[in-house]
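Pasting structure.cif here (mmCIF, C-alpha atoms and all ligand atoms):
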data_run
loop_
_atom_site.label_atom_id
_atom_site.label_comp_id
_atom_site.auth_asym_id
_atom_site.auth_seq_id
_atom_site.Cartn_x
_atom_site.Cartn_y
_atom_site.Cartn_z
CA MET A 28 8.63 -0.15 -36.40
CA ALA A 29 8.10 0.49 -32.69
CA LYS A 30 5.89 -1.93 -30.78
CA LYS A 31 2.28 -0.79 -30.28
CA PHE A 32 0.48 -0.86 -26.95
CA GLN A 33 -3.13 -0.65 -25.99
CA VAL A 34 -4.04 0.95 -22.66
CA VAL A 35 -7.54 0.01 -21.52
CA ILE A 36 -9.07 2.23 -18.85
CA ASP A 37 -12.17 0.99 -17.04
CA ARG A 38 -14.04 4.28 -16.83
CA GLU A 39 -16.58 2.97 -14.33
CA ARG A 40 -13.93 1.68 -11.91
CA CYS A 41 -11.88 4.91 -12.20
CA LYS A 42 -12.18 7.54 -9.45
CA GLY A 43 -10.60 10.37 -11.43
CA CYS A 44 -7.65 10.74 -9.05
CA GLU A 45 -5.31 11.87 -11.87
CA LEU A 46 -2.35 9.79 -10.65
CA CYS A 47 -2.04 7.97 -14.00
CA ARG A 48 -2.20 11.30 -15.81
CA SER A 49 0.51 12.84 -13.65
CA PHE A 50 2.90 9.84 -13.94
CA CYS A 51 2.63 9.13 -17.70
CA PRO A 52 6.06 10.13 -19.05
CA LYS A 53 4.49 10.89 -22.44
CA GLN A 54 1.51 12.82 -21.07
CA LEU A 55 -0.91 10.64 -22.99
CA ILE A 56 -3.70 10.56 -20.39
CA GLU A 57 -6.36 13.22 -19.99
CA MET A 58 -9.42 13.51 -17.81
CA ASP A 59 -12.82 13.16 -19.45
CA THR A 60 -15.33 15.97 -19.04
CA GLN A 61 -18.23 13.45 -18.90
CA VAL A 62 -18.68 12.00 -15.42
CA ASN A 63 -19.03 8.24 -14.80
CA ALA A 64 -21.80 6.61 -12.73
CA LYS A 65 -19.84 7.32 -9.52
CA GLY A 66 -19.69 11.01 -10.44
CA TYR A 67 -15.98 11.17 -11.21
CA CYS A 68 -14.35 12.50 -14.38
CA PRO A 69 -12.48 9.35 -15.45
CA ALA A 70 -9.10 9.11 -17.13
CA LYS A 71 -9.04 8.67 -20.87
CA MET A 72 -6.26 7.66 -23.22
CA THR A 73 -5.20 9.93 -26.06
CA ARG A 74 -2.61 9.32 -28.82
CA SER A 75 -2.37 5.55 -28.14
CA ASP A 76 0.23 5.20 -30.88
CA GLU A 77 2.75 7.13 -28.74
CA CYS A 78 2.43 4.80 -25.72
CA VAL A 79 5.74 3.12 -24.81
CA GLY A 80 4.14 0.45 -22.60
CA CYS A 81 6.07 1.52 -19.48
CA THR A 82 3.10 0.51 -17.20
CA SER A 83 3.63 3.56 -14.95
CA CYS A 84 -0.05 4.50 -15.24
CA ALA A 85 -1.22 1.03 -14.17
CA LEU A 86 1.33 0.78 -11.34
CA VAL A 87 0.15 3.97 -9.65
CA CYS A 88 -3.59 3.34 -10.17
CA PRO A 89 -5.15 2.59 -6.75
CA ASP A 90 -8.34 1.27 -8.33
CA CYS A 91 -7.21 -1.47 -10.72
CA ALA A 92 -8.74 0.56 -13.54
CA ILE A 93 -5.93 0.16 -16.07
CA GLU A 94 -4.83 -2.84 -18.14
CA ILE A 95 -2.17 -2.79 -20.84
CA PHE A 96 -1.74 -5.05 -23.86
CA ALA A 97 0.97 -5.27 -26.49
CA GLU A 98 0.42 -5.93 -30.16
CA GLU A 99 1.75 -9.39 -31.12
CA GLU A 100 4.94 -9.33 -33.20
CA MET B 17 -2.90 -8.77 -28.03
CA LYS B 18 -0.41 -9.91 -25.39
CA PRO B 19 -1.13 -8.85 -21.80
CA VAL B 20 1.52 -6.54 -20.34
CA PHE B 21 -0.36 -5.52 -17.19
CA THR B 22 -3.63 -7.12 -16.12
CA VAL B 23 -5.61 -6.92 -12.91
CA THR B 24 -4.84 -9.77 -10.50
CA LYS B 25 -7.61 -12.17 -9.51
CA GLY B 26 -6.44 -11.43 -5.96
CA MET B 27 -8.43 -8.19 -6.14
CA LEU B 28 -12.19 -8.68 -6.19
CA PRO B 29 -13.93 -6.92 -9.09
CA VAL B 30 -15.59 -4.31 -6.89
CA SER B 31 -15.09 -0.62 -6.28
CA THR B 32 -13.15 0.02 -3.06
CA SER B 33 -14.41 2.40 -0.39
CA TYR B 34 -11.13 4.33 -0.43
CA CYS B 35 -10.94 7.98 -1.43
CA PRO B 36 -9.73 8.79 -4.96
CA GLY B 37 -5.93 8.47 -5.14
CA CYS B 38 -5.53 6.80 -1.73
CA THR B 39 -2.56 4.41 -1.81
CA HIS B 40 -4.39 1.79 0.30
CA GLY B 41 -5.58 0.57 -3.11
CA VAL B 42 -2.02 0.28 -4.41
CA ALA B 43 -0.84 -1.57 -1.28
CA HIS B 44 -3.79 -3.99 -1.51
CA ARG B 45 -3.03 -4.69 -5.17
CA LEU B 46 0.69 -5.32 -4.58
CA ILE B 47 0.03 -7.83 -1.80
CA MET B 48 -2.61 -9.63 -3.86
CA GLU B 49 -0.47 -9.63 -7.04
CA THR B 50 2.37 -11.15 -5.04
CA LEU B 51 0.22 -13.90 -3.50
CA ASP B 52 -1.26 -14.59 -6.96
CA GLU B 53 2.18 -14.83 -8.60
CA MET B 54 3.43 -17.11 -5.80
CA GLY B 55 0.34 -19.33 -6.17
CA LEU B 56 -0.67 -18.62 -2.58
CA LEU B 57 -4.13 -17.02 -2.90
CA GLY B 58 -5.77 -20.24 -1.69
CA LYS B 59 -3.33 -20.65 1.18
CA ALA B 60 -3.32 -17.09 2.51
CA LEU B 61 -5.12 -15.85 5.58
CA GLY B 62 -5.17 -12.11 6.26
CA VAL B 63 -6.05 -10.16 9.38
CA ALA B 64 -7.60 -6.73 8.77
CA PRO B 65 -7.25 -3.78 11.17
CA ILE B 66 -9.43 -0.95 12.39
CA GLY B 67 -8.94 2.08 10.18
CA CYS B 68 -9.96 2.86 6.63
CA SER B 69 -8.84 -0.64 5.64
CA VAL B 70 -11.23 -2.27 8.14
CA VAL B 71 -13.04 -3.39 4.98
CA ALA B 72 -9.94 -4.88 3.28
CA HIS B 73 -11.65 -8.29 3.32
CA GLN B 74 -14.26 -6.94 0.89
CA PHE B 75 -11.53 -6.21 -1.67
CA MET B 76 -8.86 -8.88 -1.13
CA ASN B 77 -9.75 -12.24 -2.64
CA VAL B 78 -8.31 -14.34 0.20
CA ASP B 79 -9.65 -15.67 3.51
CA MET B 80 -9.57 -12.90 6.08
CA CYS B 81 -10.70 -12.10 9.56
CA GLU B 82 -11.08 -8.90 11.49
CA ALA B 83 -9.21 -8.03 14.68
CA ALA B 84 -10.06 -5.54 17.40
CA HIS B 85 -8.17 -2.23 17.09
CA GLY B 86 -4.41 -2.91 17.13
CA ARG B 87 -4.79 -6.57 17.98
CA ALA B 88 -4.14 -8.04 14.54
CA PRO B 89 -0.65 -9.34 15.50
CA ALA B 90 -2.10 -11.27 18.47
CA VAL B 91 -4.84 -12.76 16.27
CA ALA B 92 -2.34 -13.59 13.50
CA SER B 93 -0.01 -15.26 16.04
CA GLY B 94 -2.83 -17.57 17.09
CA ILE B 95 -3.93 -18.35 13.55
CA ARG B 96 -0.40 -19.10 12.35
CA ARG B 97 0.30 -21.38 15.33
CA VAL B 98 -2.85 -23.47 14.75
CA HIS B 99 -2.49 -23.39 10.96
CA PRO B 100 1.23 -23.78 10.27
CA ASP B 101 0.34 -24.66 6.65
CA LYS B 102 -1.22 -21.23 6.01
CA VAL B 103 0.47 -18.04 4.88
CA VAL B 104 -0.66 -15.44 7.40
CA PHE B 105 -0.42 -11.67 7.21
CA THR B 106 -1.70 -8.59 8.99
CA TYR B 107 -2.50 -5.33 7.21
CA GLN B 108 -2.41 -2.41 9.64
CA GLY B 109 -2.43 1.38 9.64
CA ASP B 110 -0.20 3.57 11.79
CA GLY B 111 -2.95 4.48 14.25
CA ASP B 112 -3.81 0.81 14.59
CA LEU B 113 -0.26 -0.55 14.83
CA ALA B 114 1.72 2.26 16.44
CA SER B 115 -0.81 3.67 18.96
CA ILE B 116 -3.34 1.29 20.44
CA GLY B 117 -1.60 -1.80 19.01
CA MET B 118 1.98 -1.01 19.96
CA GLY B 119 2.09 -3.73 22.63
CA GLU B 120 0.81 -6.44 20.28
CA ILE B 121 3.20 -5.72 17.43
CA VAL B 122 6.27 -5.45 19.69
CA HIS B 123 5.55 -8.74 21.45
CA ALA B 124 4.62 -10.64 18.26
CA ALA B 125 7.87 -9.40 16.69
CA ALA B 126 9.86 -10.22 19.83
CA ARG B 127 8.44 -13.76 19.84
CA GLY B 128 9.44 -14.12 16.20
CA GLU B 129 5.92 -15.17 15.22
CA LYS B 130 6.01 -16.61 11.71
CA PHE B 131 3.60 -14.25 9.96
CA SER B 132 4.09 -11.08 7.88
CA THR B 133 2.91 -7.57 8.71
CA PHE B 134 2.25 -4.86 6.14
CA PHE B 135 2.31 -1.55 7.97
CA ILE B 136 0.61 1.30 6.14
CA ASN B 137 2.23 4.48 7.44
CA ASN B 138 0.30 7.49 6.14
CA GLY B 139 1.18 9.67 9.12
CA ILE B 140 -2.39 10.17 10.26
CA TYR B 141 -5.61 8.59 11.51
CA GLY B 142 -7.41 8.51 8.18
CA MET B 143 -10.68 6.84 9.08
CA THR B 144 -11.61 9.04 12.01
CA GLY B 145 -10.99 12.30 10.18
CA GLY B 146 -7.32 13.18 10.37
CA GLN B 147 -6.11 13.14 13.98
CA MET B 148 -2.39 13.08 14.85
CA ALA B 149 -0.79 9.62 14.81
CA PRO B 150 2.49 8.60 16.50
CA THR B 151 3.95 8.85 12.99
CA THR B 152 2.69 12.37 12.17
CA LEU B 153 5.72 14.49 11.25
CA ILE B 154 6.97 17.52 13.19
CA GLY B 155 5.16 20.54 11.77
CA GLN B 156 2.46 18.41 10.14
CA ARG B 157 -1.05 19.70 10.69
CA SER B 158 -3.84 17.41 11.84
CA THR B 159 -7.15 17.99 13.62
CA THR B 160 -5.34 17.44 16.94
CA SER B 161 -2.23 19.43 15.99
CA VAL B 162 -3.82 22.35 14.19
CA ASP B 163 -0.66 24.46 14.14
CA GLY B 164 1.53 21.48 13.34
CA ARG B 165 2.96 18.77 15.61
CA THR B 166 5.63 19.98 18.03
CA ARG B 167 8.32 17.95 19.75
CA GLU B 168 7.59 19.68 23.06
CA GLN B 169 3.98 18.56 23.08
CA ALA B 170 3.98 15.19 21.31
CA GLY B 171 7.59 14.01 21.13
CA MET B 172 9.25 12.86 17.95
CA PRO B 173 7.42 10.65 15.40
CA LEU B 174 8.03 6.93 15.98
CA LYS B 175 10.30 5.10 13.57
CA ILE B 176 8.68 1.69 13.82
CA SER B 177 10.98 -0.23 11.46
CA GLU B 178 14.08 0.94 13.35
CA LEU B 179 12.41 0.23 16.69
CA LEU B 180 11.42 -3.35 15.77
CA ALA B 181 14.87 -3.96 14.26
CA THR B 182 16.37 -3.73 17.76
CA LEU B 183 14.58 -6.99 18.62
CA ASP B 184 15.96 -10.47 17.98
CA GLY B 185 12.64 -11.96 16.80
CA PRO B 186 12.16 -10.33 13.39
CA ALA B 187 13.87 -12.01 10.44
CA TYR B 188 13.16 -9.33 7.86
CA ILE B 189 12.23 -5.65 8.08
CA GLU B 190 12.15 -3.20 5.18
CA ARG B 191 10.70 0.27 4.64
CA VAL B 192 9.35 1.11 1.17
CA ALA B 193 7.20 3.89 -0.32
CA LEU B 194 4.37 4.18 -2.84
CA ASP B 195 5.18 7.62 -4.27
CA SER B 196 6.40 6.63 -7.74
CA PRO B 197 6.30 3.74 -10.22
CA ALA B 198 9.93 2.84 -9.34
CA HIS B 199 9.23 2.78 -5.60
CA ILE B 200 6.03 0.80 -6.19
CA ARG B 201 8.04 -1.87 -8.03
CA ALA B 202 10.54 -1.97 -5.13
CA ALA B 203 7.67 -2.22 -2.63
CA LYS B 204 6.38 -5.30 -4.42
CA LYS B 205 9.81 -6.97 -4.19
CA ALA B 206 9.83 -6.33 -0.42
CA ILE B 207 6.34 -7.83 -0.06
CA ARG B 208 7.50 -10.94 -1.92
CA LYS B 209 10.56 -11.21 0.32
CA ALA B 210 8.34 -10.98 3.42
CA PHE B 211 6.27 -13.95 2.23
CA GLU B 212 9.40 -15.92 1.24
CA VAL B 213 10.85 -15.40 4.73
CA GLN B 214 7.59 -16.66 6.21
CA LEU B 215 7.47 -19.71 3.93
CA ALA B 216 11.08 -20.52 4.87
CA GLY B 217 10.05 -20.43 8.54
CA LEU B 218 12.70 -17.86 9.41
CA GLY B 219 10.54 -15.74 11.70
CA PHE B 220 8.58 -12.52 11.72
CA SER B 221 8.66 -10.35 8.58
CA PHE B 222 7.62 -6.71 8.40
CA VAL B 223 7.25 -4.22 5.56
CA GLU B 224 6.56 -0.58 6.41
CA ILE B 225 4.86 1.05 3.43
CA LEU B 226 4.98 4.86 3.35
CA SER B 227 1.55 5.84 2.01
CA THR B 228 -0.66 8.85 1.33
CA CYS B 229 -3.93 10.12 2.75
CA PRO B 230 -4.81 12.85 0.24
CA THR B 231 -8.14 13.55 1.94
CA ASN B 232 -6.85 14.29 5.43
CA TRP B 233 -3.59 15.82 4.24
CA GLY B 234 -5.70 18.26 2.21
CA LEU B 235 -3.76 17.61 -0.99
CA THR B 236 -4.62 16.33 -4.45
CA PRO B 237 -3.42 12.74 -5.00
CA PRO B 238 -0.46 13.81 -7.22
CA LYS B 239 0.54 16.51 -4.68
CA ALA B 240 0.25 13.96 -1.86
CA MET B 241 2.77 11.74 -3.69
CA GLU B 242 5.17 14.71 -3.83
CA TRP B 243 4.60 15.49 -0.16
CA LEU B 244 5.36 11.88 0.79
CA ARG B 245 8.59 11.96 -1.24
CA GLU B 246 9.83 15.28 0.10
CA ASN B 247 8.80 15.00 3.74
CA MET B 248 8.18 11.41 4.80
CA ILE B 249 11.14 9.76 3.08
CA ALA B 250 13.43 12.43 4.55
CA TYR B 251 12.45 11.39 8.09
CA TYR B 252 11.71 7.71 7.42
CA PRO B 253 14.65 6.46 5.32
CA LEU B 254 13.84 3.65 2.88
CA GLY B 255 15.82 0.45 3.11
CA VAL B 256 16.33 -2.92 4.73
CA TYR B 257 16.57 -2.83 8.53
CA LYS B 258 16.86 -6.55 9.16
CA ASP B 259 17.59 -9.36 6.73
CA ALA B 260 17.75 -13.11 7.13
CA GLU B 261 18.86 -14.97 4.02
CA VAL B 262 16.26 -17.21 2.39
CA LYS B 263 18.09 -20.39 1.35
C1 LIG C 301 -10.92 0.71 20.70
C2 LIG C 301 -11.07 1.76 19.68
N1 LIG C 301 -10.50 2.98 19.87
C3 LIG C 301 -10.60 3.94 18.94
C4 LIG C 301 -11.28 3.72 17.77
C5 LIG C 301 -11.40 4.82 16.74
N2 LIG C 301 -10.55 4.61 15.59
C6 LIG C 301 -11.02 4.02 14.47
S1 LIG C 301 -9.87 3.93 13.26
C7 LIG C 301 -8.72 4.72 14.24
C8 LIG C 301 -7.34 5.01 13.73
C9 LIG C 301 -7.12 4.69 12.29
O1 LIG C 301 -5.90 5.16 11.84
P1 LIG C 301 -4.89 4.25 11.08
O2 LIG C 301 -4.65 2.99 11.78
O3 LIG C 301 -3.68 5.09 10.82
O4 LIG C 301 -5.63 3.87 9.72
P2 LIG C 301 -5.94 4.75 8.41
O5 LIG C 301 -7.39 5.04 8.49
O6 LIG C 301 -5.08 5.95 8.46
O7 LIG C 301 -5.58 3.84 7.30
C10 LIG C 301 -9.24 5.02 15.48
C11 LIG C 301 -8.49 5.72 16.53
C12 LIG C 301 -11.85 2.43 17.59
N3 LIG C 301 -12.51 2.13 16.46
N4 LIG C 301 -11.72 1.50 18.54
S1 LIG C 302 2.02 2.70 -20.40
FE1 LIG C 302 3.41 4.44 -19.96
S2 LIG C 302 3.40 5.65 -21.85
FE2 LIG C 302 1.63 4.27 -21.98
S3 LIG C 302 -0.07 5.48 -21.16
FE3 LIG C 302 0.76 4.30 -19.44
S4 LIG C 302 2.25 5.67 -18.49
FE4 LIG C 302 1.80 6.52 -20.53
S1 LIG C 303 -5.00 6.30 -11.60
FE1 LIG C 303 -6.74 4.90 -11.89
S2 LIG C 303 -8.40 5.77 -10.67
FE2 LIG C 303 -6.85 7.36 -10.86
S3 LIG C 303 -7.52 8.56 -12.65
FE3 LIG C 303 -6.11 7.02 -13.41
S4 LIG C 303 -7.40 5.27 -14.00
FE4 LIG C 303 -8.63 6.61 -12.71
S1 LIG C 304 -9.31 8.95 4.60
FE1 LIG C 304 -7.19 8.86 3.89
S2 LIG C 304 -6.48 6.76 4.32
FE2 LIG C 304 -8.73 6.76 4.44
S3 LIG C 304 -9.43 6.15 2.39
FE3 LIG C 304 -9.42 8.39 2.44
S4 LIG C 304 -7.39 8.98 1.66
FE4 LIG C 304 -7.30 6.79 2.22
MG MG C 305 -3.05 6.03 9.15
#
If you convert what's in this file into structure tokens, what do you get?
Amino acid sequence: MAKKFQVVIDRERCKGCELCRSFCPKQLIEMDTQVNAKGYCPAKMTRSDECVGCTSCALVCPDCAIEIFAEEE
Amino acid sequence: MKPVFTVTKGMLPVSTSYCPGCTHGVAHRLIMETLDEMGLLGKALGVAPIGCSVVAHQFMNVDMCEAAHGRAPAVASGIRRVHPDKVVFTYQGDGDLASIGMGEIVHAAARGEKFSTFFINNGIYGMTGGQMAPTTLIGQRSTTSVDGRTREQAGMPLKISELLATLDGPAYIERVALDSPAHIRAAKKAIRKAFEVQLAGLGFSFVEILSTCPTNWGLTPPKAMEWLRENMIAYYPLGVYKDAEVK
């Protein structure tokens, strides 16, 4: 079975820039319609089970809002 | 769960003042991740510029001081000479480094001062509202080149890495870009190399980081990444311009 990953997005640190969304090769990230305290529509993860753990989303995030964890074998 | 990507303790847990999607945040993180991984957070001393990143010391978890506009290389030269045990770096925009601070960076590089400079080239004066910089591209619009920069009026954009590479002082010069995950990984390797060159006492090290300013370019952050890739990299080729071997 393929390894499972968990992408944790800090919705209060996020500025809704959409870079993570545009660079996810699997198009797993969407923007929320509910604004955060800063007034931005933050990124939110969908279909976590399809994440390949490539870290592209976290690499392009200018606001340190994304952390990624892998399920232990 | 096993961590695959976690936020470095080199970045303070605060919200930055940068616009959404501005790559200043990415550049900050890469420098801090590198110092963290090299175990140098407690040994580093940064010099912040004038520009949007004037407040870098509020986000980077290392000792920092502030220099007058363009003067970070002069301040860093002094700090590194009195504190040879420290790892010293400057973080400077293109208005700061390539306009008002051109004299300071050229002479610090020529003297082979043993600090590292991270040069954030976003082709514009971000902080003051989008005026033309020496690095603004031909045809690029800014508030002081409303129909696009022309060669006749402003000359050609300055290629700082190439210019500094003509000097004997610098030990390492590389130009990288922050427009994609692959380029961001490569940028981090260059930042590490710059610090390694400094630790080895080989001389001045310089990394030019092609960056975006979505706000003053008038583009969404993803479109700004595309614009950087298609326009800036074409005029500012990525690569190593000077390389001393770290033994
Ligand atoms: C002596 C002096 N001259 C001019 C200014 C106005 N000023 C502030 S920031 C800046 C340029 C910033 O551009 P850049 O270095 O490219 O940084 P960015 O904001 O794009 O990151 C200028 C001209 C100043 N603060 N001090
Ligand atoms: S780790 Fe890769 S696949 Fe998973 S959400 Fe981020 S960009 Fe998408
Ligand atoms: S890249 Fe970071 S700040 Fe931008 S939308 Fe994604 S999580 Fe938010
Ligand atoms: S004005 Fe430009 S350089 Fe300054 S924070 Fe905003 S996007 Fe970044
Ligand atoms: Mg600039």
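Minimum atom-to-atom distances from A:Met72, A:Val62, A:Leu55, A:Cys44 to chain B were compared using all atoms listed in the file, and the lowest value belongs to A:Cys44.
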(request) Kindly determine which residues of chain B lie within 6 Å of chain A, considering only C-alpha atoms, and give the answer as a list of chain:residue names. (result) B:Met17, B:Lys18, B:Pro19, B:Val20, B:Phe21, B:Thr22, B:Pro36, B:Gly37, B:Thr39, B:Gly41, B:Val42, B:Pro197, B:Pro238
(request) List all protein, DNA and RNA residues that have at least one atom no more than 9 Å from any atom of ligand LIG 301 (chain C), counting all atoms listed in the file, and write them as a PyMOL selection string. (result) chain B and resi 40+65-70+84-86+108-116+136-147+149+151+228-229
(request) Find the residue from B:Val98, B:Val78, B:Val256, B:Cys38 that sits nearest to ligand MG 305 (chain C); use only C-alpha atoms and all ligand atoms when measuring. (result)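 Of B:Val98, B:Val78, B:Val256, B:Cys38, the one nearest ligand MG 305 (chain C) is B:Cys38, counting only C-alpha atoms and all ligand atoms.
Residue nearest Gly219 of chain B within the list B:Gly155, B:Gly185, B:Gly62, B:Pro89: B:Gly185 [criterion: smallest interatomic distance, only C-alpha atoms].
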First collect every listed atom of ligand LIG 302 (chain C); then fit an axis-aligned box around them, widen it by 5 Å on each side, and give centre and edge lengths in Å to one decimal, as lines of an AutoDock Vina configuration file.
center_x = 1.7
center_y = 4.6
center_z = -20.2
size_x = 13.5
size_y = 13.8
size_z = 13.5
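Compared by their closest atoms to ligand MG 305 (chain C), and using only C-alpha atoms and all ligand atoms, the residues B:Thr182, B:Thr159, B:Gln169, B:Asn232 rank with B:Asn232 nearest.
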(request) Could you tell me how far atom CA of Lys175 of chain B lies from atom CA of Tyr188 of chain B, in Å and to one decimal? (result) 15.8 Å
(request) Calculate how many Å separate atom CA of Leu46 of chain B from atom CA of Ala72 of chain B, rounding to one decimal. (result)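 So the two atoms, atom CA of Leu46 of chain B and atom CA of Ala72 of chain B, lie 13.2 Å apart.
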(message) Taking all atoms listed in the file into account, name the residue in B:Lys130, B:Leu61, B:Val162, B:Thr236 that is nearest to ligand LIG 303 (chain C).
(response)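 Of all the options, B:Thr236 lies closest to ligand LIG 303 (chain C).
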(message) Using Å and a single decimal, report how far atom CA of Ala240 of chain B sits from atom CA of Gln54 of chain A.
(response) 19.3 Å
(request) Find, counting all atoms listed in the file, the residue in A:Val79, A:Lys30, A:Met58, A:Asn63 that gets nearest to ligand LIG 303 (chain C). (result)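 Of the candidates, the smallest distance to ligand LIG 303 (chain C) is held by A:Met58.
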(request) Dump as a VMD selection string all residues having an atom at most 6 Å from (4.2, -8.9, 9.0), computed in the file's coordinates with only C-alpha atoms. (result) chain B and resid 105 to 106 131 to 134 221 to 222
Since the input lacks some atoms of segment 78-94 of chain A, please model N, CA, C and O atoms and print them as an mmCIF file, keeping the file's coordinate frame.
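The file below, rebuild-v3.cif, is the result:
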data_model
loop_
_atom_site.group_PDB
_atom_site.id
_atom_site.type_symbol
_atom_site.label_atom_id
_atom_site.label_comp_id
_atom_site.auth_asym_id
_atom_site.auth_seq_id
_atom_site.Cartn_x
_atom_site.Cartn_y
_atom_site.Cartn_z
ATOM 1 N N CYS A 78 2.206 5.508 -26.989
ATOM 2 C CA CYS A 78 2.430 4.800 -25.720
ATOM 3 C C CYS A 78 3.653 3.892 -25.827
ATOM 4 O O CYS A 78 3.816 3.165 -26.793
ATOM 5 N N VAL A 79 4.523 3.945 -24.799
ATOM 6 C CA VAL A 79 5.740 3.120 -24.810
ATOM 7 C C VAL A 79 5.587 1.869 -23.937
ATOM 8 O O VAL A 79 6.540 1.117 -23.755
ATOM 9 N N GLY A 80 4.400 1.675 -23.374
ATOM 10 C CA GLY A 80 4.140 0.450 -22.600
ATOM 11 C C GLY A 80 4.917 0.368 -21.298
ATOM 12 O O GLY A 80 5.198 -0.726 -20.800
ATOM 13 N N CYS A 81 5.234 1.520 -20.694
ATOM 14 C CA CYS A 81 6.070 1.520 -19.480
ATOM 15 C C CYS A 81 5.324 1.016 -18.252
ATOM 16 O O CYS A 81 5.932 0.713 -17.235
ATOM 17 N N THR A 82 4.014 0.944 -18.287
ATOM 18 C CA THR A 82 3.100 0.510 -17.200
ATOM 19 C C THR A 82 3.034 1.449 -15.998
ATOM 20 O O THR A 82 2.400 1.130 -14.987
ATOM 21 N N SER A 83 3.668 2.622 -16.086
ATOM 22 C CA SER A 83 3.630 3.560 -14.950
ATOM 23 C C SER A 83 2.194 3.893 -14.543
ATOM 24 O O SER A 83 1.867 3.942 -13.354
ATOM 25 N N CYS A 84 1.332 4.121 -15.530
ATOM 26 C CA CYS A 84 -0.050 4.500 -15.240
ATOM 27 C C CYS A 84 -0.754 3.398 -14.433
ATOM 28 O O CYS A 84 -1.435 3.671 -13.449
ATOM 29 N N ALA A 85 -0.552 2.139 -14.847
ATOM 30 C CA ALA A 85 -1.220 1.030 -14.170
ATOM 31 C C ALA A 85 -0.632 0.787 -12.777
ATOM 32 O O ALA A 85 -1.355 0.444 -11.839
ATOM 33 N N LEU A 86 0.687 0.995 -12.642
ATOM 34 C CA LEU A 86 1.330 0.780 -11.340
ATOM 35 C C LEU A 86 0.816 1.747 -10.281
ATOM 36 O O LEU A 86 0.655 1.380 -9.121
ATOM 37 N N VAL A 87 0.580 2.992 -10.651
ATOM 38 C CA VAL A 87 0.150 3.970 -9.650
ATOM 39 C C VAL A 87 -1.365 3.982 -9.446
ATOM 40 O O VAL A 87 -1.851 4.607 -8.512
ATOM 41 N N CYS A 88 -2.123 3.288 -10.294
ATOM 42 C CA CYS A 88 -3.590 3.340 -10.170
ATOM 43 C C CYS A 88 -4.044 2.574 -8.923
ATOM 44 O O CYS A 88 -3.830 1.376 -8.806
ATOM 45 N N PRO A 89 -4.699 3.258 -7.971
ATOM 46 C CA PRO A 89 -5.150 2.590 -6.750
ATOM 47 C C PRO A 89 -6.432 1.786 -6.959
ATOM 48 O O PRO A 89 -6.879 1.112 -6.043
ATOM 49 N N ASP A 90 -7.031 1.885 -8.136
ATOM 50 C CA ASP A 90 -8.340 1.270 -8.330
ATOM 51 C C ASP A 90 -8.395 0.193 -9.404
ATOM 52 O O ASP A 90 -9.487 -0.131 -9.889
ATOM 53 N N CYS A 91 -7.257 -0.369 -9.737
ATOM 54 C CA CYS A 91 -7.210 -1.470 -10.720
ATOM 55 C C CYS A 91 -8.014 -1.129 -11.967
ATOM 56 O O CYS A 91 -8.728 -1.986 -12.504
ATOM 57 N N ALA A 92 -7.923 0.119 -12.402
ATOM 58 C CA ALA A 92 -8.740 0.560 -13.540
ATOM 59 C C ALA A 92 -7.992 0.514 -14.869
ATOM 60 O O ALA A 92 -8.566 0.837 -15.902
ATOM 61 N N ILE A 93 -6.712 0.134 -14.833
ATOM 62 C CA ILE A 93 -5.930 0.160 -16.070
ATOM 63 C C ILE A 93 -5.333 -1.198 -16.390
ATOM 64 O O ILE A 93 -4.760 -1.858 -15.521
ATOM 65 N N GLU A 94 -5.498 -1.630 -17.643
ATOM 66 C CA GLU A 94 -4.830 -2.840 -18.140
ATOM 67 C C GLU A 94 -4.114 -2.469 -19.429
ATOM 68 O O GLU A 94 -4.549 -1.577 -20.158
#
